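**Q** What follows is target26.csv, CSV, C-alpha atoms.
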chain,number,residue,atom,x,y,z
A,26,MET,CA,-49.3,104.9,184.6
A,27,ARG,CA,-46.2,103.3,186.0
A,28,LEU,CA,-43.5,101.2,184.4
A,29,VAL,CA,-43.1,97.9,186.3
A,30,SER,CA,-40.9,95.8,184.0
A,31,SER,CA,-39.2,95.8,180.6
A,32,GLY,CA,-37.1,93.7,178.2
A,33,ARG,CA,-35.7,93.7,174.7
A,34,LEU,CA,-39.1,93.6,173.1
A,35,HIS,CA,-41.7,94.6,175.8
A,36,ALA,CA,-42.5,97.0,178.5
A,37,THR,CA,-45.2,96.5,181.1
A,38,PHE,CA,-47.1,99.3,182.8
A,39,GLU,CA,-49.5,99.4,185.7
A,40,PHE,CA,-52.5,101.5,184.8
A,41,GLY,CA,-55.0,101.7,187.6
A,42,ASP,CA,-56.4,98.2,188.0
A,43,LEU,CA,-55.2,97.3,184.5
A,44,GLN,CA,-51.9,96.0,183.1
A,45,VAL,CA,-50.7,97.4,179.8
A,46,VAL,CA,-47.9,95.7,177.9
A,47,SER,CA,-46.2,97.4,175.0
A,48,LEU,CA,-45.0,94.8,172.4
A,49,ARG,CA,-42.3,95.6,169.8
A,50,ASP,CA,-42.9,94.0,166.4
A,51,GLY,CA,-39.8,95.7,164.9
A,52,TYR,CA,-39.3,98.7,162.8
A,53,ILE,CA,-39.8,100.0,159.2
A,54,ASP,CA,-37.5,102.4,157.3
A,55,MET,CA,-39.4,104.9,155.1
A,56,PRO,CA,-38.2,107.8,152.9
A,57,PRO,CA,-38.7,111.3,154.3
A,58,THR,CA,-40.6,112.1,151.1
A,59,ARG,CA,-43.6,110.3,152.6
A,60,LEU,CA,-44.2,113.4,154.8
A,61,ARG,CA,-46.7,115.9,153.3
A,62,GLY,CA,-47.5,119.6,154.0
A,63,GLU,CA,-51.0,121.0,154.0
A,64,ASP,CA,-50.7,121.5,150.2
A,65,GLY,CA,-50.2,117.8,149.7
A,66,ARG,CA,-46.6,118.2,148.6
A,67,ALA,CA,-43.5,116.6,150.1
A,68,LEU,CA,-41.8,118.8,152.7
A,69,ASP,CA,-39.1,120.9,151.2
A,70,VAL,CA,-36.9,120.8,154.3
A,71,LEU,CA,-36.9,118.1,157.0
A,72,PRO,CA,-36.3,119.7,160.5
A,73,ALA,CA,-32.9,118.9,162.1
A,74,ALA,CA,-34.7,117.5,165.1
A,75,VAL,CA,-36.0,114.6,163.0
A,76,PRO,CA,-33.5,111.7,163.2
A,77,LEU,CA,-32.6,109.6,160.1
A,78,ALA,CA,-31.3,106.1,159.8
A,79,GLY,CA,-29.1,106.5,156.8
A,80,GLU,CA,-31.4,108.4,154.5
A,81,ASN,CA,-34.7,107.1,155.9
A,82,LEU,CA,-37.1,107.7,158.7
A,83,ARG,CA,-37.2,104.8,161.1
A,84,LEU,CA,-40.7,104.0,162.4
A,85,SER,CA,-41.2,101.7,165.4
A,86,VAL,CA,-44.0,99.1,165.0
A,87,ASN,CA,-45.8,98.4,168.3
A,88,ALA,CA,-48.8,96.4,169.4
A,89,PHE,CA,-50.4,96.6,172.9
A,90,PHE,CA,-51.8,94.0,175.2
A,91,VAL,CA,-54.2,95.1,178.0
A,92,THR,CA,-55.6,92.9,180.8
A,93,ASP,CA,-57.5,93.2,184.1
A,94,GLY,CA,-56.5,89.7,185.1
A,95,THR,CA,-59.7,88.2,183.8
A,96,TRP,CA,-60.4,89.9,180.5
A,97,SER,CA,-57.7,90.8,178.0
A,98,LEU,CA,-57.4,92.6,174.6
A,99,LEU,CA,-54.6,92.6,172.1
A,100,ILE,CA,-54.5,95.8,170.0
A,101,ASP,CA,-52.8,95.2,166.6
A,102,THR,CA,-50.8,92.1,165.8
A,103,GLY,CA,-47.7,93.2,163.8
A,104,ALA,CA,-46.6,92.0,160.4
A,105,SER,CA,-45.9,88.3,160.9
A,106,ASN,CA,-43.9,87.2,157.8
A,107,VAL,CA,-45.8,89.3,155.3
A,108,TRP,CA,-43.4,92.2,155.3
A,109,HIS,CA,-40.5,89.9,154.3
A,110,ASP,CA,-38.1,92.0,156.5
A,111,PRO,CA,-36.1,90.5,159.3
A,112,THR,CA,-36.7,93.7,161.3
A,113,MET,CA,-40.4,92.8,161.6
A,114,GLY,CA,-42.6,90.1,162.9
A,115,LEU,CA,-41.4,89.9,166.5
A,116,VAL,CA,-44.7,90.3,168.3
A,117,TYR,CA,-45.0,86.6,169.1
A,118,GLU,CA,-41.5,86.7,170.7
A,119,ALA,CA,-42.5,89.9,172.5
A,120,LEU,CA,-45.6,88.3,174.0
A,121,GLU,CA,-43.5,85.3,175.2
A,122,GLU,CA,-40.9,87.6,176.7
A,123,ALA,CA,-43.7,89.5,178.6
A,124,GLY,CA,-45.1,86.2,179.9
A,125,VAL,CA,-48.3,86.3,177.8
A,126,ASP,CA,-49.5,83.0,176.4
A,127,ARG,CA,-50.9,83.9,173.0
A,128,GLY,CA,-52.8,80.6,172.9
A,129,TYR,CA,-55.3,82.1,175.3
A,130,ILE,CA,-56.0,85.4,173.6
A,131,THR,CA,-59.7,85.6,172.7
A,132,ASP,CA,-60.1,89.2,171.7
A,133,VAL,CA,-58.1,91.3,169.2
A,134,ALA,CA,-58.7,94.9,168.2
A,135,ILE,CA,-57.2,96.2,164.9
A,136,THR,CA,-56.5,99.9,164.4
A,137,HIS,CA,-56.7,99.5,160.6
A,138,ARG,CA,-56.2,97.2,157.7
A,139,HIS,CA,-52.5,97.8,156.8
A,140,GLU,CA,-50.2,94.8,156.8
A,141,ASP,CA,-48.0,95.8,159.7
A,142,HIS,CA,-51.1,95.9,162.0
A,143,VAL,CA,-53.3,93.0,160.9
A,144,SER,CA,-51.1,90.4,159.4
A,145,GLY,CA,-50.0,88.9,162.7
A,146,LEU,CA,-53.4,87.2,163.1
A,147,ILE,CA,-51.8,84.5,160.9
A,148,ALA,CA,-48.5,83.0,162.0
A,149,PRO,CA,-45.6,82.5,159.5
A,150,ASP,CA,-46.5,78.8,159.1
A,151,GLY,CA,-50.0,79.7,158.0
A,152,SER,CA,-51.8,78.7,161.2
A,153,GLU,CA,-53.9,81.0,163.3
A,154,ALA,CA,-51.6,82.8,165.7
A,155,PHE,CA,-54.2,82.9,168.5
A,156,GLY,CA,-55.7,79.5,169.0
A,157,LYS,CA,-58.7,80.6,171.1
A,158,LEU,CA,-59.6,83.7,169.1
A,159,GLU,CA,-63.3,84.6,169.3
A,160,ARG,CA,-63.6,88.2,168.1
A,161,VAL,CA,-61.6,90.6,166.0
A,162,TRP,CA,-62.7,94.2,166.2
A,163,ILE,CA,-62.0,96.5,163.2
A,164,GLY,CA,-63.5,99.5,161.5
A,165,ALA,CA,-66.3,98.4,159.2
A,166,ALA,CA,-64.8,100.2,156.3
A,167,ASP,CA,-61.6,98.2,156.7
A,168,ALA,CA,-63.2,94.8,157.2
A,169,SER,CA,-62.7,93.9,153.6
A,170,VAL,CA,-59.1,93.0,154.4
A,171,PHE,CA,-60.3,89.6,155.6
A,172,THR,CA,-59.8,87.7,152.4
A,173,GLY,CA,-57.0,85.5,151.0
A,174,ARG,CA,-54.5,84.8,153.8
A,175,LEU,CA,-56.8,86.3,156.4
A,176,GLU,CA,-60.0,84.6,155.2
A,177,PRO,CA,-60.0,82.0,158.0
A,178,ILE,CA,-60.6,84.8,160.5
A,179,ARG,CA,-63.5,86.4,158.7
A,180,ASP,CA,-66.3,84.7,160.6
A,181,ARG,CA,-65.0,86.2,163.9
A,182,VAL,CA,-64.8,89.8,162.6
A,183,VAL,CA,-66.8,92.4,164.6
A,184,PRO,CA,-67.1,95.5,162.3
A,185,VAL,CA,-67.1,98.9,164.1
A,186,SER,CA,-69.1,101.7,162.5
A,187,GLU,CA,-69.7,103.9,165.6
A,188,GLU,CA,-68.4,104.3,169.1
A,189,VAL,CA,-68.9,101.0,170.9
A,190,ALA,CA,-67.8,99.3,174.1
A,191,ILE,CA,-65.7,96.2,173.7
A,192,ASN,CA,-65.8,95.4,177.4
A,193,GLY,CA,-66.0,97.3,180.7
A,194,TRP,CA,-62.8,99.2,180.1
A,195,ALA,CA,-62.2,99.3,176.3
A,196,THR,CA,-64.2,101.4,173.8
A,197,ALA,CA,-63.7,101.6,170.0
A,198,LEU,CA,-63.7,105.1,168.6
A,199,PRO,CA,-63.8,105.5,164.8
A,200,ALA,CA,-61.1,108.0,163.6
A,201,PRO,CA,-61.1,107.7,159.8
A,202,GLY,CA,-58.6,109.4,157.6
A,203,HIS,CA,-55.5,107.3,157.3
A,204,THR,CA,-57.8,104.5,156.2
A,205,PRO,CA,-61.7,104.7,156.0
A,206,GLY,CA,-61.9,102.4,159.0
A,207,HIS,CA,-59.1,103.7,161.1
A,208,THR,CA,-60.1,103.1,164.8
A,209,VAL,CA,-58.7,104.3,168.1
A,210,TYR,CA,-59.2,102.3,171.3
A,211,ASP,CA,-59.9,104.2,174.6
A,212,ILE,CA,-58.7,102.2,177.6
A,213,SER,CA,-60.1,103.6,180.8
A,214,SER,CA,-59.2,102.8,184.4
A,215,GLY,CA,-58.8,104.4,187.8
A,216,GLY,CA,-55.6,105.8,186.3
A,217,GLY,CA,-57.4,107.8,183.6
A,218,HIS,CA,-57.6,107.1,179.8
A,219,LEU,CA,-55.1,105.6,177.4
A,220,LEU,CA,-55.8,106.2,173.7
A,221,VAL,CA,-54.3,103.4,171.6
A,222,TRP,CA,-53.9,104.5,168.0
A,223,GLY,CA,-52.4,103.1,164.8
A,224,ASP,CA,-51.3,105.6,162.2
A,225,THR,CA,-52.4,108.9,163.6
A,226,VAL,CA,-48.8,109.9,163.9
A,227,HIS,CA,-45.9,108.3,162.0
A,228,VAL,CA,-43.0,110.6,162.9
A,229,PRO,CA,-43.4,111.7,166.5
A,230,THR,CA,-40.3,114.0,166.5
A,231,LEU,CA,-42.2,116.1,163.9
A,232,GLN,CA,-46.0,115.6,163.9
A,233,PHE,CA,-46.7,116.6,167.6
A,234,GLY,CA,-45.0,119.9,167.2
A,235,ARG,CA,-46.4,120.3,163.6
A,236,PRO,CA,-49.7,118.3,163.6
A,237,GLU,CA,-50.6,119.7,160.2
A,238,VAL,CA,-48.0,117.5,158.6
A,239,SER,CA,-49.5,114.4,157.1
A,240,TRP,CA,-48.3,111.2,155.5
A,241,GLU,CA,-48.3,110.2,151.9
A,242,LEU,CA,-50.1,106.9,152.7
A,243,ASP,CA,-53.0,108.7,154.5
A,244,GLY,CA,-55.9,107.8,152.2
A,245,ASP,CA,-57.6,111.1,153.0
A,246,GLN,CA,-55.0,113.6,154.2
A,247,PRO,CA,-57.4,116.4,155.2
A,248,ARG,CA,-59.5,113.9,157.2
A,249,ALA,CA,-56.5,112.3,158.8
A,250,ARG,CA,-55.2,115.7,159.8
A,251,ALA,CA,-58.6,116.6,161.4
A,252,ALA,CA,-58.7,113.3,163.2
A,253,ARG,CA,-55.1,113.9,164.6
A,254,ALA,CA,-56.1,117.4,165.7
A,255,ALA,CA,-59.1,116.1,167.6
A,256,LEU,CA,-57.2,113.3,169.3
A,257,LEU,CA,-54.3,115.6,170.3
A,258,GLU,CA,-56.8,118.0,171.9
A,259,ARG,CA,-58.4,115.1,173.7
A,260,LEU,CA,-55.0,113.8,174.9
A,261,SER,CA,-54.1,117.2,176.4
A,262,GLN,CA,-56.7,116.7,179.1
A,263,PRO,CA,-55.5,115.6,182.6
A,264,ASP,CA,-55.0,111.9,183.2
A,265,HIS,CA,-54.9,111.1,179.5
A,266,PHE,CA,-52.1,109.0,177.8
A,267,VAL,CA,-51.3,107.8,174.3
A,268,ALA,CA,-50.0,104.4,173.1
A,269,GLY,CA,-49.0,104.7,169.5
A,270,ALA,CA,-48.1,102.0,166.9
A,271,HIS,CA,-45.4,104.2,165.4
A,272,LEU,CA,-44.2,106.1,168.5
A,273,ASP,CA,-40.7,105.2,169.6
A,274,SER,CA,-41.1,101.9,171.4
A,275,PRO,CA,-42.5,101.3,173.9
A,276,GLY,CA,-44.6,104.1,172.6
A,277,ILE,CA,-46.6,105.2,175.7
A,278,ALA,CA,-46.5,108.9,176.6
A,279,ARG,CA,-48.2,112.0,177.9
A,280,VAL,CA,-49.2,114.9,175.5
A,281,SER,CA,-49.4,118.5,176.5
A,282,PRO,CA,-50.0,121.8,174.5
A,283,SER,CA,-46.8,123.5,173.4
A,284,GLY,CA,-46.8,126.6,171.2
A,285,ALA,CA,-48.8,125.9,168.0
A,286,GLY,CA,-48.6,122.2,168.6
A,287,TYR,CA,-48.0,119.7,171.3
A,288,ALA,CA,-45.2,118.2,173.3
A,289,LEU,CA,-44.7,114.5,173.8
A,290,GLU,CA,-43.2,113.0,177.1
A,291,TYR,CA,-42.5,109.3,177.0
A,292,LEU,CA,-43.1,107.3,180.2
A,293,ALA,CA,-40.2,105.0,179.5
A,294,ALA,CA,-36.9,105.3,177.5
A,295,PRO,CA,-36.9,103.7,174.1
A,296,ILE,CA,-36.1,99.9,174.2
A,297,GLY,CA,-34.9,99.5,170.6
Represent the structure of the file as structure tokens.

**A**
Amino acid sequence: MRLVSSGRLHATFEFGDLQVVSLRDGYIDMPPTRLRGEDGRALDVLPAAVPLAGENLRLSVNAFFVTDGTWSLLIDTGASNVWHDPTMGLVYEALEEAGVDRGYITDVAITHRHEDHVSGLIAPDGSEAFGKLERVWIGAADASVFTGRLEPIRDRVVPVSEEVAINGWATALPAPGHTPGHTVYDISSGGGHLLVWGDTVHVPTLQFGRPEVSWELDGDQPRARAARAALLERLSQPDHFVAGAHLDSPGIARVSPSGAGYALEYLAAPIG
């Protein structure tokens, strides 16, 4: 995995015979009380290593575009204008900055149903953001999100209920817990495996070293904790990398065992 270019809202990596583009949709500020211990209670003390923006945790919001030059896949779509926050909804600008014409994107994979991941399928003016969209992959248990504003997309939804190949280099892996349909996408190439996840980790400065810490908005905290443990173990294998929706942008890193938890090594310095 090698960084080849970057800008204010994107970073492009060479990954074997694939190109992976990290896209910055913006950031969200959340209170530290969202963090939960194994007993389900808010953490009593936030470790000093966890930075705050004022009194809040600042979570990057990232999406990822992968292409082999012929086939391409956009994983997550950002918040569009649904979040009503000027810090969000930048994924279209990020695509343009990276030289990706969103009008030609045919396949989108959604990690889960929450607004900051799925809402970008519809542009702020109410039109479909991806004019040639043919398929939207999402966990079957999260597919009910395609109502109301997202109703026009419903006929192109491909529900994922088990491990399934999307194309020759992308595989959908169900990882329920944060939501019932939370799904991770395994991108494989000559360079190894890149696991693209949504809300497996919210606070990277804490949850890699202490993976038992969960998030208030995890629908099933024990199941989310178990999914995180399994994915971290998988990522500690050689030639495995992670791309995380809420890792510090651009959010692509290596993971290695460290003490009772894991260490995270970013492949590029934060871009925002």

**Q** Quick one: distance from atom CA of Trp162 of chain A to atom CA of Leu220 of chain A in Å, one decimal?

**A**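 These two atoms are separated by 15.7 Å.
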
**Q** Using all atoms listed in the file, which protein or nucleic acid residues come within 6 Å of segment 262-271 of chain A? Drop anything in the same chain fewer than 6 positions from it, and give the result as a ChimeraX atom specification.

**A** /A:84-87,217-223,227,277-279

**Q** Measuring between only C-alpha atoms, which one of A:Pro229, A:Gly41, A:Pro56, A:Pro236 shows the shortest distance to Arg250 of chain A?

**A**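 Going through A:Pro229, A:Gly41, A:Pro56, A:Pro236 one by one, the smallest distance to Arg250 of chain A is for A:Pro236.
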
**Q** Tell me, as a list in words, which residues lie within 8 Å of Thr136 of chain A, counting all atoms listed in the file; anything in the same chain fewer than 2 positions away does not count.

**A**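 Neighbouring residues, sequence-local ones excluded: Ile100, Asp101, Ala134, Arg138, His142, Ile163, Gly164, His207, Thr208, Val209, Tyr210, Trp222 and Gly223 of chain A.
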
**Q** Quote the spacing between atom CA of Ser213 of chain A and atom CA of Val183 of chain A in Å to one decimal place.

**A**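 Separating atom CA of Ser213 of chain A from atom CA of Val183 of chain A is a distance of 20.8 Å.
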
**Q** Could you tell me which of A:Leu231, A:His137, A:Val189, A:Ala166 comes closest to Val70 of chain A if we count all atoms listed in the file?

**A** A:Leu231

**Q** Could you list, as a list in words, every residue within 9 Å of Tyr117 of chain A, counting all atoms listed in the file and ignoring same-chain residues fewer than 6 positions away?

**A**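 Result of the neighbour search: Leu48, Asp50, Thr102, Gly103, Ser105, Arg127, Gly145, Ala148 and Ala154 of chain A.
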
**Q** Would you output that residue set with C-alpha atoms, as a PDB file, in the coordinates of the input?

**A**
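Saved as result_35.pdb:
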ATOM      1  CA  LEU A  48     -45.000  94.800 172.400  1.00  0.00           C
ATOM      2  CA  ASP A  50     -42.900  94.000 166.400  1.00  0.00           C
ATOM      3  CA  THR A 102     -50.800  92.100 165.800  1.00  0.00           C
ATOM      4  CA  GLY A 103     -47.700  93.200 163.800  1.00  0.00           C
ATOM      5  CA  SER A 105     -45.900  88.300 160.900  1.00  0.00           C
ATOM      6  CA  ARG A 127     -50.900  83.900 173.000  1.00  0.00           C
ATOM      7  CA  GLY A 145     -50.000  88.900 162.700  1.00  0.00           C
ATOM      8  CA  ALA A 148     -48.500  83.000 162.000  1.00  0.00           C
ATOM      9  CA  ALA A 154     -51.600  82.800 165.700  1.00  0.00           C
TER      10      ALA A 154
END

**Q** Give me the residues within 9 Å of Gly215 of chain A as a ChimeraX atom specification, counting only C-alpha atoms and dropping any in the same chain fewer than 4 places off.

**A** /A:40-43

**Q** Only C-alpha atoms, please: the residues just picked out, written as a PDB file, keeping the file's coordinate frame.

**A**
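Output contents, as saved in part.pdb:
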ATOM      1  CA  PHE A  40     -52.500 101.500 184.800  1.00  0.00           C
ATOM      2  CA  GLY A  41     -55.000 101.700 187.600  1.00  0.00           C
ATOM      3  CA  ASP A  42     -56.400  98.200 188.000  1.00  0.00           C
ATOM      4  CA  LEU A  43     -55.200  97.300 184.500  1.00  0.00           C
TER       5      LEU A  43
END

**Q** May I ask which of the residues A:Gly202, A:Pro295, A:Gly234, A:Gly51 is the closest one to Glu118 of chain A, counting all atoms listed in the file?

**A**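 Nearest to Glu118 of chain A: A:Gly51.
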
**Q** Go through A:Gly79, A:Pro205, A:Pro149, A:Gly128 one by one, measure the shortest atom-to-atom distance of each to Met113 of chain A using all atoms listed in the file, and give the residue with the smallest value.

**A**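 Result for the nearest residue to Met113 of chain A: A:Pro149.
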
**Q** Name the residues, using the chain letters and numbers of the file, that sit within 10 Å of (-38.9, 97.4, 172.2) when counting only C-alpha atoms, and give them as a ChimeraX atom specification.

**A** /A:31-36,47-52,85-87,115-116,119,273-276,294-297

**Q** Would you be able to write out as a ChimeraX atom specification which residues have an atom within 8 Å of (-53.8, 93.3, 173.6) in the file's coordinates, counting all atoms listed in the file?

**A** /A:46,88-92,97-101,132-134

**Q** For Leu71 of chain A, which of A:Leu256, A:Ala293, A:Leu272, A:Val238 is the closest residue, counting only C-alpha atoms?

**A**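 Smallest distance to Leu71 of chain A is found for A:Val238.
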
**Q** Give the answer as one residue: which of A:Glu80, A:Ile178, A:Phe38, A:Thr204 has the shortest atom-to-atom distance to Glu241 of chain A, using all atoms listed in the file?

**A** A:Thr204

**Q** As an exercise, work out the distance from atom CA of Leu260 of chain A to atom CA of Gly286 of chain A in Å and give it to one decimal place.

**A**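 Between atom CA of Leu260 of chain A and atom CA of Gly286 of chain A the gap works out to 12.3 Å.
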
**Q** When you look at segment 60-62 of chain A with a cut-off of 7 Å (counting only C-alpha atoms), what residues show up, excluding the ones that are within fewer than 4 positions of it in the same chain? I need them as a ChimeraX atom specification.

**A** /A:66-68,237-241
